[in-house]
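**Q** This is the structure I want to talk about, given as structure tokens.
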There are 2 protein chains.
Amino acid sequence: MAGKKVLIVDDDIKTVELVKLYLTRDGYQVLTAYDGIEALRLARESRPDLIVLDLMLPDIDGLEVCRILRHESDVPIIMLTARSTDQDKLTGLGLGADDYVTKPFSPKELAARVQAVLRRLPRERGPEEIKIGELSMNFTKHEAWFAGKLLDLTSVEFKLLGVLAREPGRVCSRTSLIEEALGYDFEGFDRTIDVHILNLRRKLELDPSHPRYIKTVYGVGYKFVGGE
Amino acid sequence: MAGKKVLIVDDDIKTVELVKLYLTRDGYQVLTAYDGIEALRLARESRPDLIVLDLMLPDIDGLEVCRILRHESDVPIIMLTARSTDQDKLTGLGLGADDYVTKPFSPKELAARVQAVLRRLPRERGPEEIKIGELSMNFTKHEAWFAGKLLDLTSVEFKLLGVLAREPGRVCSRTSLIEEALGYDFEGFDRTIDVHILNLRRKLELDPSHPRYIKTVYGVGYKFVGGE
DNA sequence: TATAATTTTTACAATTTATTAAGAAAAATC
DNA sequence: GATTTTTCTTAATAAATTGTAAAAATTATA
């Protein structure tokens, strides 16, 4: 596998260079940014596999950058914080960073953590690409293709289709779809799923009223089938 | 079905009380412990159906408690951990907790996870696919095939056939069929089963008036036989 | 802040399934 | 063979589930 891309964001050039040195030595492809704006631009453009993000940045707060990125992708983030007390505040905020490292840190330790976070990814996320019949989904690119065409899905639709398509044929109850696609903390109703299913069908079924791919199992839930 | 027993172990009274409130509201019977010793004693004595276990405990470490319990039973355990990084260490240790929840958590989310873990238990116990003679049933796909053809069953018919076919030859009374297929809270009449059996026979018997597979045991109930 | 996009809720229609009831048929009992 | 009990079958009704459109709420973006 070609070296994975890591984006380092910190306003201190020395820190950036030091970390870059270590990560490059470990075979990573390293991108750097010195402020939040640049970080967001690079993150969107180059789609790094991991981001090391400092809390204190000259323009946008690191917190804010983290929050924005979290809404756009699942890219793992390691937060650099000044004091260990900050860490608790951060975890409290439920930002969903994958790890926290307290400054000052040894670059070696950070490199080890980068490796650790990247190593556990595939286990947690499943394959990053699947194909079932005419459907193919790429989870790193966040793209779904059907019958040769790129589908324009919202993020909820994408997640929902992902859950269904990862196990073709398996019936998923609305409850399990909510847990897996919307999260355990979702507080809404079952029927929300119906509407998303309806919208999905409109986007990928030739005849949405007589679906060939996203099937209803009356009284149980929904399932995705290859279209046989 | 009577509420299942859940044991909550945490040294923080507020956390325990909050979780207890939510689980009680969901119909669970809740036991509580504030240290490892007490947790072990209660687990052995009361045999809860699930344990919510904090990692940090005043006397014995939560890790140790988990390890000990794992040697004594298969009771599902949900671990509460301080930071997501701890989770990896734990999974790495192969402790075999059934789920991990990072603090701070929403009590609602934890309640949902408790329910999810308990729900998937029975499915894990019974096989998800069975074959008896010409009949095969796949419970995750919710499909029943007979003589090479996919049967178009309603969800009650599917459940009914599942109960019968999981133990071929065993006679099931209408009462037990109702309990297992329609649920303990069903308030209707025995005769409902007769109609479902009739409909099932029409779907899988060559000659529904002279059934070869779904047999009537006069005065007792019904049974499924391989067709010998 | 205003605007657009997305997500969720609501409400009602359409559909499917479950249940009941009641007479006919079959089996057991006397 | 008549009687009683149990099961089978049909058909009408009730109940539950799903589909759909549109409004409301939320969230992202300019």
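Here, A, B, ... name the chains of the structure tokens in the order displayed, residue numbers run from 1 inside each chain, and ligands are numbered from 1 in the same displayed order.
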Name all residues at most 12 Å from DT6 (chain D) (count only C-alpha atoms (C1' of nucleotides); drop same-chain ones fewer than 4 positions away) and give them as a list in words.

**A** Arg191, Asp194, Thr216, Val217, Tyr218, Gly219, Val220 and Gly221 of chain B; DA25, DA26, DA27 and DA28 of chain C

**Q** Restricting it to N, CA, C and O atoms (P, O5', C5', C4', C3', O3' and C1' of nucleotides), dump the selection as a CSV table (one decimal), in the first residue's frame.

**A**
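Output below, filename selection_11.csv:
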chain,number,residue,atom,x,y,z
B,191,ARG,N,-57.8,-20.3,17.9
B,191,ARG,CA,-58.3,-20.7,16.5
B,191,ARG,C,-57.5,-19.9,15.4
B,191,ARG,O,-57.4,-20.3,14.3
B,194,ASP,N,-55.0,-21.9,13.7
B,194,ASP,CA,-55.6,-22.9,12.7
B,194,ASP,C,-55.6,-22.2,11.3
B,194,ASP,O,-55.2,-22.8,10.3
B,216,THR,N,-51.3,-32.5,11.8
B,216,THR,CA,-52.2,-32.2,12.9
B,216,THR,C,-52.1,-33.4,13.9
B,216,THR,O,-52.1,-34.5,13.5
B,217,VAL,N,-51.9,-33.1,15.2
B,217,VAL,CA,-52.0,-34.1,16.2
B,217,VAL,C,-53.2,-33.8,17.0
B,217,VAL,O,-53.3,-32.9,17.8
B,218,TYR,N,-54.2,-34.6,16.7
B,218,TYR,CA,-55.6,-34.4,17.1
B,218,TYR,C,-55.6,-34.2,18.7
B,218,TYR,O,-55.1,-35.0,19.4
B,219,GLY,N,-56.2,-33.1,19.1
B,219,GLY,CA,-56.3,-32.8,20.5
B,219,GLY,C,-55.1,-32.2,21.1
B,219,GLY,O,-55.1,-31.9,22.3
B,220,VAL,N,-54.0,-32.1,20.4
B,220,VAL,CA,-52.8,-31.6,21.0
B,220,VAL,C,-52.3,-30.4,20.3
B,220,VAL,O,-52.1,-29.3,20.9
B,221,GLY,N,-52.0,-30.5,19.0
B,221,GLY,CA,-51.5,-29.3,18.3
B,221,GLY,C,-51.0,-29.7,16.9
B,221,GLY,O,-51.6,-30.5,16.2
C,25,DA,P,-69.4,-30.5,3.9
C,25,DA,O5',-68.2,-31.1,4.7
C,25,DA,C5',-66.9,-30.6,4.5
C,25,DA,C4',-65.9,-31.2,5.5
C,25,DA,C3',-66.0,-32.7,5.5
C,25,DA,O3',-64.7,-33.2,5.3
C,25,DA,C1',-66.0,-31.8,7.7
C,26,DA,P,-64.3,-34.7,5.0
C,26,DA,O5',-63.6,-35.1,6.4
C,26,DA,C5',-62.5,-34.4,6.8
C,26,DA,C4',-62.3,-34.7,8.3
C,26,DA,C3',-62.2,-36.2,8.6
C,26,DA,O3',-60.9,-36.5,9.1
C,26,DA,C1',-63.5,-35.1,10.2
C,27,DA,P,-60.4,-38.0,9.3
C,27,DA,O5',-60.6,-38.1,10.9
C,27,DA,C5',-59.9,-37.1,11.7
C,27,DA,C4',-60.3,-37.2,13.2
C,27,DA,C3',-60.2,-38.7,13.7
C,27,DA,O3',-59.3,-38.7,14.8
C,27,DA,C1',-62.3,-37.7,14.2
C,28,DA,P,-59.0,-40.0,15.6
C,28,DA,O5',-60.0,-39.9,16.7
C,28,DA,C5',-59.8,-39.1,17.9
C,28,DA,C4',-61.0,-39.1,18.8
C,28,DA,C3',-61.2,-40.4,19.6
C,28,DA,O3',-61.2,-40.0,20.9
C,28,DA,C1',-63.2,-39.7,18.6

**Q** Select all residues from chain B having any atom no more than 7 Å from an atom of chain A (counting only C-alpha atoms, ignoring ligands), output as an mmCIF file with all heavy atoms, in the first residue's frame.

**A**
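Saved result, result.cif, follows:
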data_model
loop_
_atom_site.group_PDB
_atom_site.id
_atom_site.type_symbol
_atom_site.label_atom_id
_atom_site.label_comp_id
_atom_site.auth_asym_id
_atom_site.auth_seq_id
_atom_site.Cartn_x
_atom_site.Cartn_y
_atom_site.Cartn_z
ATOM 1 N N SER B 84 -11.934 7.415 24.244
ATOM 2 C CA SER B 84 -12.016 6.437 23.171
ATOM 3 C C SER B 84 -10.697 5.701 22.975
ATOM 4 O O SER B 84 -10.660 4.590 22.474
ATOM 5 C CB SER B 84 -12.437 7.106 21.867
ATOM 6 O OG SER B 84 -11.572 8.177 21.570
ATOM 7 N N THR B 85 -9.605 6.337 23.391
ATOM 8 C CA THR B 85 -8.318 5.647 23.246
ATOM 9 C C THR B 85 -8.250 4.413 24.125
ATOM 10 O O THR B 85 -7.654 3.412 23.770
ATOM 11 C CB THR B 85 -7.152 6.581 23.607
ATOM 12 O OG1 THR B 85 -7.489 7.279 24.794
ATOM 13 C CG2 THR B 85 -6.891 7.556 22.487
ATOM 14 N N PRO B 104 -18.144 11.026 28.462
ATOM 15 C CA PRO B 104 -19.519 10.991 28.965
ATOM 16 C C PRO B 104 -20.473 10.491 27.892
ATOM 17 O O PRO B 104 -20.242 10.715 26.712
ATOM 18 C CB PRO B 104 -19.786 12.468 29.268
ATOM 19 C CG PRO B 104 -18.929 13.200 28.299
ATOM 20 C CD PRO B 104 -17.729 12.355 28.042
ATOM 21 N N LYS B 108 -29.625 7.842 27.343
ATOM 22 C CA LYS B 108 -30.523 7.271 26.351
ATOM 23 C C LYS B 108 -29.760 6.360 25.401
ATOM 24 O O LYS B 108 -30.237 5.297 25.011
ATOM 25 C CB LYS B 108 -31.198 8.394 25.565
ATOM 26 C CG LYS B 108 -32.295 7.861 24.719
ATOM 27 C CD LYS B 108 -33.156 8.925 24.106
ATOM 28 C CE LYS B 108 -34.131 8.230 23.167
ATOM 29 N NZ LYS B 108 -34.877 9.156 22.354
ATOM 30 N N GLU B 109 -28.572 6.812 25.046
ATOM 31 C CA GLU B 109 -27.747 5.997 24.156
ATOM 32 C C GLU B 109 -27.378 4.681 24.822
ATOM 33 O O GLU B 109 -27.484 3.616 24.229
ATOM 34 C CB GLU B 109 -26.477 6.747 23.780
ATOM 35 C CG GLU B 109 -25.595 5.910 22.869
ATOM 36 C CD GLU B 109 -24.236 6.542 22.625
ATOM 37 O OE1 GLU B 109 -24.101 7.755 22.844
ATOM 38 O OE2 GLU B 109 -23.321 5.809 22.218
ATOM 39 N N ALA B 112 -30.170 2.344 24.779
ATOM 40 C CA ALA B 112 -30.357 1.772 23.446
ATOM 41 C C ALA B 112 -29.366 0.639 23.204
ATOM 42 O O ALA B 112 -29.692 -0.392 22.630
ATOM 43 C CB ALA B 112 -30.196 2.842 22.374
ATOM 44 N N ARG B 113 -28.147 0.829 23.693
ATOM 45 C CA ARG B 113 -27.131 -0.212 23.488
ATOM 46 C C ARG B 113 -27.428 -1.455 24.312
ATOM 47 O O ARG B 113 -27.190 -2.571 23.878
ATOM 48 C CB ARG B 113 -25.758 0.335 23.882
ATOM 49 C CG ARG B 113 -25.355 1.493 23.017
ATOM 50 C CD ARG B 113 -23.970 1.306 22.511
ATOM 51 N NE ARG B 113 -23.495 2.503 21.848
ATOM 52 C CZ ARG B 113 -22.277 2.638 21.381
ATOM 53 N NH1 ARG B 113 -21.411 1.661 21.506
ATOM 54 N NH2 ARG B 113 -21.917 3.746 20.772
ATOM 55 N N THR B 140 -31.900 -14.554 8.852
ATOM 56 C CA THR B 140 -31.421 -13.180 8.653
ATOM 57 C C THR B 140 -31.990 -12.608 7.366
ATOM 58 O O THR B 140 -32.331 -11.439 7.294
ATOM 59 C CB THR B 140 -29.891 -13.102 8.600
ATOM 60 O OG1 THR B 140 -29.421 -14.009 7.623
ATOM 61 C CG2 THR B 140 -29.281 -13.435 9.941
ATOM 62 N N LYS B 141 -32.114 -13.462 6.354
ATOM 63 C CA LYS B 141 -32.697 -12.991 5.098
ATOM 64 C C LYS B 141 -34.220 -13.008 5.129
ATOM 65 O O LYS B 141 -34.883 -12.477 4.252
ATOM 66 C CB LYS B 141 -32.222 -13.859 3.934
ATOM 67 C CG LYS B 141 -30.764 -13.684 3.580
ATOM 68 C CD LYS B 141 -30.429 -14.442 2.314
ATOM 69 C CE LYS B 141 -28.996 -14.176 1.889
ATOM 70 N NZ LYS B 141 -28.660 -14.924 0.657
ATOM 71 N N HIS B 142 -34.736 -13.718 6.146
ATOM 72 C CA HIS B 142 -36.176 -13.847 6.265
ATOM 73 C C HIS B 142 -36.741 -14.518 5.013
ATOM 74 O O HIS B 142 -37.714 -14.048 4.422
ATOM 75 C CB HIS B 142 -36.829 -12.474 6.466
ATOM 76 C CG HIS B 142 -37.976 -12.491 7.421
ATOM 77 N ND1 HIS B 142 -39.273 -12.589 7.014
ATOM 78 C CD2 HIS B 142 -38.016 -12.445 8.757
ATOM 79 C CE1 HIS B 142 -40.073 -12.584 8.067
ATOM 80 N NE2 HIS B 142 -39.323 -12.500 9.134
ATOM 81 N N SER B 155 -45.241 -12.381 7.746
ATOM 82 C CA SER B 155 -44.280 -12.480 8.841
ATOM 83 C C SER B 155 -44.751 -13.452 9.929
ATOM 84 O O SER B 155 -43.944 -14.157 10.528
ATOM 85 C CB SER B 155 -43.975 -11.105 9.421
ATOM 86 O OG SER B 155 -45.116 -10.568 10.024
#

**Q** Produce a table with one row for each residue of chain D that has an atom at most 12 Å from any atom of chain B, each row naming the nearest atom pair and its distance in Å at one decimal; use only C-alpha atoms (C1' of nucleotides); arrange rows by chain and rising residue number; format as JSON lines.

**A**
{"residue": "D:DT5", "atom": "C1'", "partner": "B:Gly219", "partner_atom": "CA", "distance": 9.1}
{"residue": "D:DT6", "atom": "C1'", "partner": "B:Gly219", "partner_atom": "CA", "distance": 6.8}
{"residue": "D:DT7", "atom": "C1'", "partner": "B:Asp194", "partner_atom": "CA", "distance": 8.0}
{"residue": "D:DC8", "atom": "C1'", "partner": "B:Leu198", "partner_atom": "CA", "distance": 7.8}
{"residue": "D:DT9", "atom": "C1'", "partner": "B:Leu198", "partner_atom": "CA", "distance": 8.3}
{"residue": "D:DT10", "atom": "C1'", "partner": "B:Val195", "partner_atom": "CA", "distance": 10.4}
{"residue": "D:DT17", "atom": "C1'", "partner": "B:Ser155", "partner_atom": "CA", "distance": 11.5}

**Q** What would the file look like if the residues just selected were written as a short mmCIF file (atom, residue, chain, number, x, y, z; two decimals), in the first residue's frame with all heavy atoms?

**A**
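As written to disk, again_36.cif reads:
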data_model
loop_
_atom_site.label_atom_id
_atom_site.label_comp_id
_atom_site.auth_asym_id
_atom_site.auth_seq_id
_atom_site.Cartn_x
_atom_site.Cartn_y
_atom_site.Cartn_z
P DT D 5 -68.70 -32.25 24.34
OP1 DT D 5 -68.38 -32.31 25.78
OP2 DT D 5 -69.57 -31.20 23.78
"O5'" DT D 5 -67.32 -32.25 23.53
"C5'" DT D 5 -66.47 -33.40 23.58
"C4'" DT D 5 -65.46 -33.31 22.47
"O4'" DT D 5 -66.09 -33.53 21.19
"C3'" DT D 5 -64.74 -31.95 22.37
"O3'" DT D 5 -63.37 -32.16 22.57
"C2'" DT D 5 -65.07 -31.44 20.96
"C1'" DT D 5 -65.42 -32.74 20.24
N1 DT D 5 -66.33 -32.57 19.07
C2 DT D 5 -65.95 -33.09 17.85
O2 DT D 5 -64.90 -33.67 17.68
N3 DT D 5 -66.86 -32.91 16.84
C4 DT D 5 -68.08 -32.26 16.92
O4 DT D 5 -68.80 -32.16 15.94
C5 DT D 5 -68.41 -31.74 18.21
C7 DT D 5 -69.71 -31.02 18.39
C6 DT D 5 -67.54 -31.91 19.23
P DT D 6 -62.38 -30.93 22.73
OP1 DT D 6 -61.32 -31.35 23.67
OP2 DT D 6 -63.16 -29.71 22.95
"O5'" DT D 6 -61.74 -30.86 21.27
"C5'" DT D 6 -61.13 -32.02 20.71
"C4'" DT D 6 -60.93 -31.81 19.23
"O4'" DT D 6 -62.21 -31.74 18.55
"C3'" DT D 6 -60.21 -30.50 18.87
"O3'" DT D 6 -58.94 -30.84 18.31
"C2'" DT D 6 -61.11 -29.83 17.85
"C1'" DT D 6 -62.04 -30.95 17.41
N1 DT D 6 -63.38 -30.50 16.95
C2 DT D 6 -63.77 -30.79 15.66
O2 DT D 6 -63.07 -31.39 14.87
N3 DT D 6 -65.02 -30.35 15.32
C4 DT D 6 -65.91 -29.65 16.14
O4 DT D 6 -67.02 -29.31 15.71
C5 DT D 6 -65.44 -29.38 17.47
C7 DT D 6 -66.32 -28.63 18.42
C6 DT D 6 -64.21 -29.81 17.82
P DT D 7 -57.95 -29.70 17.80
OP1 DT D 7 -56.58 -30.22 17.92
OP2 DT D 7 -58.34 -28.41 18.37
"O5'" DT D 7 -58.33 -29.67 16.24
"C5'" DT D 7 -58.16 -30.85 15.45
"C4'" DT D 7 -58.71 -30.60 14.06
"O4'" DT D 7 -60.10 -30.20 14.14
"C3'" DT D 7 -58.00 -29.50 13.27
"O3'" DT D 7 -57.59 -30.06 12.02
"C2'" DT D 7 -59.06 -28.41 13.09
"C1'" DT D 7 -60.34 -29.23 13.15
N1 DT D 7 -61.57 -28.51 13.53
C2 DT D 7 -62.61 -28.43 12.62
O2 DT D 7 -62.58 -28.93 11.51
N3 DT D 7 -63.72 -27.74 13.07
C4 DT D 7 -63.88 -27.14 14.30
O4 DT D 7 -64.92 -26.56 14.58
C5 DT D 7 -62.76 -27.26 15.20
C7 DT D 7 -62.83 -26.64 16.57
C6 DT D 7 -61.65 -27.93 14.78
P DC D 8 -56.76 -29.19 11.01
OP1 DC D 8 -55.84 -30.11 10.32
OP2 DC D 8 -56.26 -27.98 11.70
"O5'" DC D 8 -57.88 -28.74 9.98
"C5'" DC D 8 -58.51 -29.75 9.18
"C4'" DC D 8 -59.52 -29.09 8.25
"O4'" DC D 8 -60.53 -28.44 9.04
"C3'" DC D 8 -58.94 -28.04 7.31
"O3'" DC D 8 -59.29 -28.40 5.99
"C2'" DC D 8 -59.59 -26.73 7.77
"C1'" DC D 8 -60.87 -27.20 8.45
N1 DC D 8 -61.40 -26.35 9.56
C2 DC D 8 -62.70 -25.83 9.49
O2 DC D 8 -63.38 -26.06 8.48
N3 DC D 8 -63.18 -25.10 10.52
C4 DC D 8 -62.44 -24.89 11.61
N4 DC D 8 -62.96 -24.18 12.61
C5 DC D 8 -61.11 -25.41 11.72
C6 DC D 8 -60.64 -26.13 10.68
P DT D 9 -58.62 -27.67 4.76
OP1 DT D 9 -58.64 -28.55 3.58
OP2 DT D 9 -57.33 -27.10 5.23
"O5'" DT D 9 -59.64 -26.49 4.50
"C5'" DT D 9 -61.00 -26.84 4.21
"C4'" DT D 9 -61.86 -25.59 4.21
"O4'" DT D 9 -62.06 -25.15 5.57
"C3'" DT D 9 -61.28 -24.40 3.47
"O3'" DT D 9 -61.98 -24.28 2.24
"C2'" DT D 9 -61.52 -23.20 4.40
"C1'" DT D 9 -62.40 -23.78 5.50
N1 DT D 9 -62.18 -23.23 6.87
C2 DT D 9 -63.24 -22.60 7.50
O2 DT D 9 -64.34 -22.45 6.99
N3 DT D 9 -62.96 -22.13 8.76
C4 DT D 9 -61.76 -22.24 9.44
O4 DT D 9 -61.63 -21.79 10.57
C5 DT D 9 -60.70 -22.92 8.72
C7 DT D 9 -59.36 -23.09 9.36
C6 DT D 9 -60.96 -23.38 7.48
P DT D 10 -61.55 -23.16 1.20
OP1 DT D 10 -61.84 -23.68 -0.13
OP2 DT D 10 -60.20 -22.65 1.54
"O5'" DT D 10 -62.59 -22.01 1.54
"C5'" DT D 10 -63.96 -22.36 1.72
"C4'" DT D 10 -64.75 -21.13 2.16
"O4'" DT D 10 -64.55 -20.92 3.57
"C3'" DT D 10 -64.37 -19.83 1.46
"O3'" DT D 10 -65.53 -19.31 0.84
"C2'" DT D 10 -63.84 -18.93 2.56
"C1'" DT D 10 -64.43 -19.53 3.83
N1 DT D 10 -63.59 -19.41 5.06
C2 DT D 10 -64.15 -18.93 6.21
O2 DT D 10 -65.32 -18.59 6.31
N3 DT D 10 -63.30 -18.88 7.29
C4 DT D 10 -61.97 -19.25 7.31
O4 DT D 10 -61.32 -19.16 8.33
C5 DT D 10 -61.44 -19.73 6.05
C7 DT D 10 -60.01 -20.15 5.97
C6 DT D 10 -62.26 -19.79 5.00
P DT D 17 -47.75 -3.28 13.29
OP1 DT D 17 -46.75 -4.27 13.72
OP2 DT D 17 -47.93 -1.99 13.99
"O5'" DT D 17 -47.48 -2.96 11.76
"C5'" DT D 17 -47.48 -4.04 10.82
"C4'" DT D 17 -47.29 -3.46 9.45
"O4'" DT D 17 -48.46 -2.71 9.06
"C3'" DT D 17 -46.10 -2.50 9.33
"O3'" DT D 17 -45.21 -3.05 8.38
"C2'" DT D 17 -46.73 -1.17 8.90
"C1'" DT D 17 -48.04 -1.62 8.28
N1 DT D 17 -49.17 -0.64 8.29
C2 DT D 17 -49.76 -0.29 7.09
O2 DT D 17 -49.40 -0.73 6.02
N3 DT D 17 -50.79 0.60 7.20
C4 DT D 17 -51.30 1.16 8.37
O4 DT D 17 -52.23 1.95 8.33
C5 DT D 17 -50.64 0.75 9.58
C7 DT D 17 -51.09 1.31 10.90
C6 DT D 17 -49.61 -0.12 9.49
#

**Q** Could you list, as a list in words, every residue of chain A that has an atom within 8 Å of an atom of chain C, counting only C-alpha atoms (C1' of nucleotides)?

**A**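 Going by the stated atoms only, the list reads Thr154, Gly188 and Thr192 of chain A.
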
**Q** Just the helix (DSSP H, G or I) stuff from region 133-197 of chain B, please, per backbone DSSP, written as a PyMOL selection string.

**A** chain B and resi 155-166+174-182+191-197

**Q** Chain A least-squares fit onto chain B, all C-alpha atoms in order: RMSD in Å?

**A** 15.5 Å

**Q** Near Leu69 (chain A), counting only C-alpha atoms (C1' of nucleotides), which residues have an atom at most 12 Å away, once you skip same-chain residues fewer than 6 positions from it, shown as a compact mmCIF listing (two decimals) with N, CA, C and O atoms, in the first residue's frame?

**A**
# COMPACT_ATOMS: atom_id res chain seq x y z
N GLY A 36 -6.28 27.41 10.22
CA GLY A 36 -7.51 26.65 10.04
C GLY A 36 -8.06 26.68 8.62
O GLY A 36 -8.49 25.64 8.09
N ILE A 37 -8.03 27.83 8.00
CA ILE A 37 -8.54 27.98 6.64
C ILE A 37 -7.81 27.03 5.69
O ILE A 37 -8.42 26.27 4.94
N ALA A 39 -6.07 24.48 6.51
CA ALA A 39 -6.33 23.10 6.93
C ALA A 39 -7.60 22.56 6.26
O ALA A 39 -7.61 21.47 5.70
N LEU A 40 -8.66 23.36 6.30
CA LEU A 40 -9.92 22.94 5.72
C LEU A 40 -9.78 22.76 4.21
O LEU A 40 -10.27 21.77 3.64
N ARG A 41 -9.08 23.71 3.58
CA ARG A 41 -8.90 23.63 2.13
C ARG A 41 -8.17 22.34 1.75
O ARG A 41 -8.62 21.57 0.89
N LEU A 42 -7.07 22.07 2.45
CA LEU A 42 -6.28 20.88 2.16
C LEU A 42 -7.05 19.59 2.46
O LEU A 42 -6.96 18.61 1.72
N ALA A 43 -7.78 19.63 3.56
CA ALA A 43 -8.54 18.44 3.95
C ALA A 43 -9.54 18.09 2.87
O ALA A 43 -9.73 16.92 2.51
N ARG A 44 -10.21 19.12 2.33
CA ARG A 44 -11.23 18.88 1.31
C ARG A 44 -10.61 18.46 0.00
O ARG A 44 -11.12 17.60 -0.71
N ARG A 47 -8.00 15.10 0.69
CA ARG A 47 -8.56 13.96 1.41
C ARG A 47 -7.50 13.11 2.10
O ARG A 47 -7.28 11.95 1.73
N PRO A 48 -6.87 13.65 3.12
CA PRO A 48 -5.86 12.88 3.85
C PRO A 48 -6.49 11.72 4.60
O PRO A 48 -7.70 11.71 4.83
N LEU A 50 -5.52 10.89 7.60
CA LEU A 50 -5.53 11.23 9.03
C LEU A 50 -5.10 12.69 9.18
O LEU A 50 -4.31 13.20 8.37
N ILE A 51 -5.61 13.36 10.20
CA ILE A 51 -5.24 14.75 10.44
C ILE A 51 -4.74 14.91 11.87
O ILE A 51 -5.38 14.43 12.81
N LEU A 53 -4.20 17.72 14.47
CA LEU A 53 -4.75 19.06 14.54
C LEU A 53 -4.47 19.73 15.88
O LEU A 53 -4.86 19.22 16.93
N GLY A 62 -9.11 25.37 16.56
CA GLY A 62 -8.96 23.96 16.23
C GLY A 62 -10.25 23.19 16.49
O GLY A 62 -10.63 22.28 15.75
N LEU A 63 -10.94 23.59 17.56
CA LEU A 63 -12.21 22.95 17.89
C LEU A 63 -13.18 23.07 16.74
O LEU A 63 -13.86 22.12 16.36
N VAL A 75 -12.80 11.18 8.51
CA VAL A 75 -11.34 11.17 8.62
C VAL A 75 -10.91 11.22 10.09
O VAL A 75 -11.41 12.02 10.87
N PRO A 76 -10.02 10.29 10.47
CA PRO A 76 -9.56 10.27 11.86
C PRO A 76 -8.75 11.52 12.20
O PRO A 76 -8.00 12.02 11.38
N ILE A 77 -8.96 12.02 13.41
CA ILE A 77 -8.29 13.25 13.84
C ILE A 77 -7.58 13.01 15.17
O ILE A 77 -8.17 12.44 16.09
N LEU A 95 -16.44 15.85 20.68
CA LEU A 95 -16.01 16.25 19.34
C LEU A 95 -15.74 15.06 18.44
O LEU A 95 -15.77 15.17 17.23
N GLY A 96 -15.43 13.95 19.09
CA GLY A 96 -15.18 12.76 18.30
C GLY A 96 -13.82 12.73 17.66
O GLY A 96 -13.63 12.14 16.60
N ALA A 97 -12.85 13.38 18.28
CA ALA A 97 -11.48 13.16 17.81
C ALA A 97 -11.11 11.74 18.19
O ALA A 97 -11.63 11.18 19.15

**Q** Using DSSP assignments from the backbone, pull out every residue in region 48-206 of chain A that falls under strand (DSSP E) and give it to me as a list in words.

**A**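 Checking each residue of region 48-206 of chain A, the strand (DSSP E) ones are Leu50, Ile51, Val52, Leu53, Asp54, Ile77, Ile78, Met79, Leu80, Thr81, Asp99, Tyr100, Val101, Thr102, Glu129, Ile130, Lys131, Ile132, Leu135, Ser136, Met137, Asn138, Glu143, Ala144, Trp145, Phe146, Lys149 and Leu150 of chain A.
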
**Q** Work out how far apart CA of Lys4 (chain A) and CA of Leu118 (chain A) are and give it in Å to one decimal.

**A** 8.9 Å
